[in-house]
Amino acid sequence: MKYIDYSWDFRQADTKTFTHCYHNYPAMMIPQVAERILTKYGADSHLLFDPYCGTGTSLVEANLKGINAIGTDLNPLARLIAKTKTAKISLQVLDLYLRDFNDYSFSLIFELQRASVVVPEIKNIDFWFDKAVQEKLAMIKTFINKIEDEHISNFFKIAFSETVRESSFTRNSEFKLFRMTAEKMQKFNPDVFNLMQSKLARNHRGLKAFLEQKQEASSQVYDFNTINEVRYIKNESIDIVVTSPPYGDSRTTVAYGQFSRLANEWLDVENANQVDNNLMGGKRVKEVCNFHSLALREHLEKIGNADEKRAKEVSSFYYDYQKSIENVARTIKSGGYACYVVGNRKVKGEVLPTDEITKDFFENQGFSHIETIIRNIPNKRMPSKNSPTNVTGIKDETMNNEYIVIMRKE
Ligand SMILES: C[S@@+](CC[C@H](N)C(=O)[O-])C[C@H]1O[C@@H](n2cnc3c(N)ncnc32)[C@H](O)[C@@H]1O
């Protein structure tokens, strides 16, 4: 069954409740979708797995319902955010550090204290940051480096990461790294300490709400490449998978690595600029793929007729996707659910039906299709009227819609 359900749009919903308020990230899942999936299919679940956990939206929702969770992601910044969003941080201890930081920034702002700052060696640092901003960021980094408690340190790091981005010359409206115009740069004068303080205060409110509501449950976040490493998760151990995989390779869709690069570099993540190459579709597949999806094979043929190189790129992504689904499928218990929130993007005028492809790949692993719910993504362009599809009510299958594909293991 495949149907549109506007009640899944959550048009007016506050998507920044609890620790969901922590840090912006491209293509985040909205918590309401994860929550509703869990209410509908996760009532008896004890363990959730999100193989593309990003910032951990589904892990937070699982923990709020008393379900333990495992998340994996290749992007270090995403893992840091996911870990921090689900960490049991002592508010008492945190408050002491926040007070310390307040005193520290006060004395630096009013120059009561001279900090010996070492600005880290970051490629093109002067291209992305004003000199005065670099120094202030280095001062905050010095403070963070002295924090011994890992959870508290992470709490500061993710506020710092947003501060890095917002005080850089990047255009904040874009996820890719683009520098603002020369005119804007001239006028740009970010209040670095104030930015950091406001992120910390907002995140503190989110944490407090999360700790008040959270049941006895925890999350583990791992650095696994889901294309080949979920074997470390025990076979048949997972009750429910709730995830939103990338729409396509990072180069032509969302550049997660690029989005995170400046923060990753300030946080000393090694090979920060390599992240995108390792994500799904990042490496070109040379061999001919035997896809377990007729829909995919047909679309690839059409794209190949128009542009062979492009067909190979698309094929590389789905090659990784198929492998990752084989891995994920193994971890799910018999009777357990795979809930994939996917988008159907257009390549060379062809809409790639990732929802159907996901269904085909899981069916090949012994799952049956329960339903696919189509939701509008609010705040995006409305569908255009001139591209009818085979689904009643939908005018144009573009990225204005998301498909929630529910599969059950036999
Ligand atoms: C759509 S985002 C997930 C967003 C997440 N649901 C949230 O709310 O923040 C997809 C994620 O998949 C990750 N990813 C891409 N390829 C991967 C791979 N091969 N293994 C693990 N993670 C991967 C990206 O780093 C990105 O964080």
# chains A, B, ... in the order shown; residues from 1 in each chain; ligands from 1
call {"tool": "residues_near_ligand", "arguments": {"ligand": "ligand 1", "cutoff": "9 Å", "atoms": "only C-alpha atoms and all ligand atoms", "output": "PDB file with C-alpha atoms, in the first residue's frame"}}
result
ATOM      1  CA  HIS A  20      16.874  18.224  18.785  1.00  0.00           C
ATOM      2  CA  ASN A  24      21.814  22.236  12.376  1.00  0.00           C
ATOM      3  CA  TYR A  25      22.693  19.580   9.790  1.00  0.00           C
ATOM      4  CA  PRO A  26      21.693  18.949   6.185  1.00  0.00           C
ATOM      5  CA  ALA A  27      18.628  16.807   5.468  1.00  0.00           C
ATOM      6  CA  MET A  28      17.729  16.161   9.092  1.00  0.00           C
ATOM      7  CA  MET A  29      14.841  13.853   9.821  1.00  0.00           C
ATOM      8  CA  ILE A  30      12.090  15.639  11.691  1.00  0.00           C
ATOM      9  CA  PRO A  31      11.565  14.196  15.180  1.00  0.00           C
ATOM     10  CA  ASP A  50      19.926   3.915  12.662  1.00  0.00           C
ATOM     11  CA  PRO A  51      22.619   3.068  10.092  1.00  0.00           C
ATOM     12  CA  TYR A  52      22.785   6.711   8.841  1.00  0.00           C
ATOM     13  CA  CYS A  53      22.147   8.344  12.170  1.00  0.00           C
ATOM     14  CA  GLY A  54      23.475  11.818  11.255  1.00  0.00           C
ATOM     15  CA  THR A  55      22.783  13.989  14.288  1.00  0.00           C
ATOM     16  CA  GLY A  56      20.815  11.226  15.988  1.00  0.00           C
ATOM     17  CA  THR A  57      17.191  12.314  15.613  1.00  0.00           C
ATOM     18  CA  SER A  58      15.853   8.761  15.783  1.00  0.00           C
ATOM     19  CA  THR A  72      26.366   4.692  12.933  1.00  0.00           C
ATOM     20  CA  ASP A  73      27.645   7.454  10.688  1.00  0.00           C
ATOM     21  CA  LEU A  74      30.853   8.120   8.791  1.00  0.00           C
ATOM     22  CA  ASN A  75      30.876  11.833   9.444  1.00  0.00           C
ATOM     23  CA  PRO A  76      32.740  12.620  12.703  1.00  0.00           C
ATOM     24  CA  LEU A  77      30.780  15.833  13.290  1.00  0.00           C
ATOM     25  CA  ALA A  78      27.458  14.013  12.929  1.00  0.00           C
ATOM     26  CA  ARG A  79      28.618  11.363  15.419  1.00  0.00           C
ATOM     27  CA  ILE A  81      26.326  15.685  17.732  1.00  0.00           C
ATOM     28  CA  ALA A  82      24.428  12.382  17.971  1.00  0.00           C
ATOM     29  CA  ASP A 223      32.049   5.041  13.249  1.00  0.00           C
ATOM     30  CA  PHE A 224      30.935   2.288  10.872  1.00  0.00           C
ATOM     31  CA  ASN A 225      30.666   2.446   7.146  1.00  0.00           C
ATOM     32  CA  THR A 226      27.288   0.817   6.622  1.00  0.00           C
ATOM     33  CA  ILE A 227      28.397  -0.380   3.213  1.00  0.00           C
ATOM     34  CA  ASN A 228      30.624  -2.989   4.806  1.00  0.00           C
ATOM     35  CA  GLU A 229      30.875  -2.754   8.561  1.00  0.00           C
ATOM     36  CA  VAL A 242      14.441   3.984  11.679  1.00  0.00           C
ATOM     37  CA  THR A 243      16.671   5.883   9.299  1.00  0.00           C
ATOM     38  CA  SER A 244      16.985   8.424   6.511  1.00  0.00           C
ATOM     39  CA  PRO A 245      19.742   7.477   4.085  1.00  0.00           C
ATOM     40  CA  PRO A 246      21.398  10.070   1.850  1.00  0.00           C
ATOM     41  CA  TYR A 247      19.468  10.943  -1.339  1.00  0.00           C
ATOM     42  CA  GLY A 248      22.472  10.315  -3.537  1.00  0.00           C
ATOM     43  CA  ASP A 249      26.228  10.768  -3.594  1.00  0.00           C
ATOM     44  CA  SER A 250      27.640  13.788  -1.757  1.00  0.00           C
ATOM     45  CA  VAL A 254      24.117  16.912  -0.128  1.00  0.00           C
ATOM     46  CA  ALA A 255      27.787  17.456   0.712  1.00  0.00           C
ATOM     47  CA  TYR A 256      27.759  16.360   4.363  1.00  0.00           C
ATOM     48  CA  GLY A 257      31.551  16.456   4.580  1.00  0.00           C
ATOM     49  CA  VAL A 275      34.633  12.653   4.486  1.00  0.00           C
ATOM     50  CA  ASP A 276      32.581  13.014   1.299  1.00  0.00           C
ATOM     51  CA  ASN A 278      33.897   7.782   1.839  1.00  0.00           C
ATOM     52  CA  LEU A 279      30.127   8.311   1.972  1.00  0.00           C
ATOM     53  CA  MET A 280      27.716   6.318  -0.183  1.00  0.00           C
ATOM     54  CA  GLY A 281      28.441   6.713  -3.878  1.00  0.00           C
ATOM     55  CA  GLY A 282      31.731   8.508  -3.093  1.00  0.00           C
ATOM     56  CA  ASP A 320      26.625   0.961  -2.054  1.00  0.00           C
ATOM     57  CA  TYR A 321      22.970   1.295  -1.061  1.00  0.00           C
ATOM     58  CA  SER A 324      24.257  -1.506   2.980  1.00  0.00           C
ATOM     59  CA  VAL A 341      12.591   7.687   5.017  1.00  0.00           C
ATOM     60  CA  VAL A 342      13.782   8.370   1.472  1.00  0.00           C
TER      61      VAL A 342
END
call {"tool": "select_by_dssp", "arguments": {"residues": "segment 21-52 of chain A", "states": "helix (DSSP H, G or I)", "output": "PyMOL selection string"}}
result
chain A and resi 21+31-41
call {"tool": "write_last_selection", "arguments": {"atoms": "N, CA and C atoms", "output": "PDB file, in the first residue's frame"}}
result
ATOM      1  N   CYS A  21      17.315  20.542  19.445  1.00  0.00           N
ATOM      2  CA  CYS A  21      17.660  21.943  19.151  1.00  0.00           C
ATOM      3  C   CYS A  21      19.160  22.139  18.947  1.00  0.00           C
ATOM      4  N   PRO A  31      11.824  15.105  14.065  1.00  0.00           N
ATOM      5  CA  PRO A  31      11.565  14.196  15.180  1.00  0.00           C
ATOM      6  C   PRO A  31      10.158  13.616  15.163  1.00  0.00           C
ATOM      7  N   GLN A  32       9.194  14.401  14.667  1.00  0.00           N
ATOM      8  CA  GLN A  32       7.799  13.939  14.658  1.00  0.00           C
ATOM      9  C   GLN A  32       7.645  12.688  13.795  1.00  0.00           C
ATOM     10  N   VAL A  33       8.420  12.600  12.712  1.00  0.00           N
ATOM     11  CA  VAL A  33       8.328  11.419  11.843  1.00  0.00           C
ATOM     12  C   VAL A  33       8.879  10.203  12.581  1.00  0.00           C
ATOM     13  N   ALA A  34      10.053  10.370  13.206  1.00  0.00           N
ATOM     14  CA  ALA A  34      10.646   9.246  13.954  1.00  0.00           C
ATOM     15  C   ALA A  34       9.700   8.829  15.086  1.00  0.00           C
ATOM     16  N   GLU A  35       9.131   9.814  15.766  1.00  0.00           N
ATOM     17  CA  GLU A  35       8.250   9.523  16.911  1.00  0.00           C
ATOM     18  C   GLU A  35       7.034   8.725  16.455  1.00  0.00           C
ATOM     19  N   ARG A  36       6.442   9.158  15.340  1.00  0.00           N
ATOM     20  CA  ARG A  36       5.213   8.502  14.880  1.00  0.00           C
ATOM     21  C   ARG A  36       5.501   7.089  14.358  1.00  0.00           C
ATOM     22  N   ILE A  37       6.640   6.924  13.712  1.00  0.00           N
ATOM     23  CA  ILE A  37       7.014   5.570  13.253  1.00  0.00           C
ATOM     24  C   ILE A  37       7.158   4.666  14.473  1.00  0.00           C
ATOM     25  N   LEU A  38       7.819   5.191  15.505  1.00  0.00           N
ATOM     26  CA  LEU A  38       8.047   4.370  16.701  1.00  0.00           C
ATOM     27  C   LEU A  38       6.734   4.044  17.415  1.00  0.00           C
ATOM     28  N   THR A  39       5.828   5.002  17.433  1.00  0.00           N
ATOM     29  CA  THR A  39       4.537   4.742  18.072  1.00  0.00           C
ATOM     30  C   THR A  39       3.789   3.660  17.299  1.00  0.00           C
ATOM     31  N   LYS A  40       3.867   3.738  15.974  1.00  0.00           N
ATOM     32  CA  LYS A  40       3.102   2.798  15.147  1.00  0.00           C
ATOM     33  C   LYS A  40       3.743   1.408  15.087  1.00  0.00           C
ATOM     34  N   TYR A  41       5.074   1.363  14.987  1.00  0.00           N
ATOM     35  CA  TYR A  41       5.721   0.061  14.751  1.00  0.00           C
ATOM     36  C   TYR A  41       6.698  -0.368  15.846  1.00  0.00           C
TER      37      TYR A  41
END
call {"tool": "atom_distance", "arguments": {"atom1": "atom CA of Glu356 of chain A", "atom2": "atom CA of Lys409 of chain A"}}
result
16.8 Å
call {"tool": "select_by_dssp", "arguments": {"residues": "segment 49-270 of chain A", "states": "strand (DSSP E)", "output": "count of residues only"}}
result
17
call {"tool": "closest_residue", "arguments": {"among": "A:Leu262, A:Glu212, A:Ile404, A:Lys123", "to": "Ser168 of chain A", "atoms": "only C-alpha atoms"}}
result
A:Leu262
call {"tool": "closest_residue", "arguments": {"among": "A:Asp44, A:Leu207, A:Asp307, A:Lys65", "to": "Leu91 of chain A", "atoms": "only C-alpha atoms"}}
result
A:Leu207
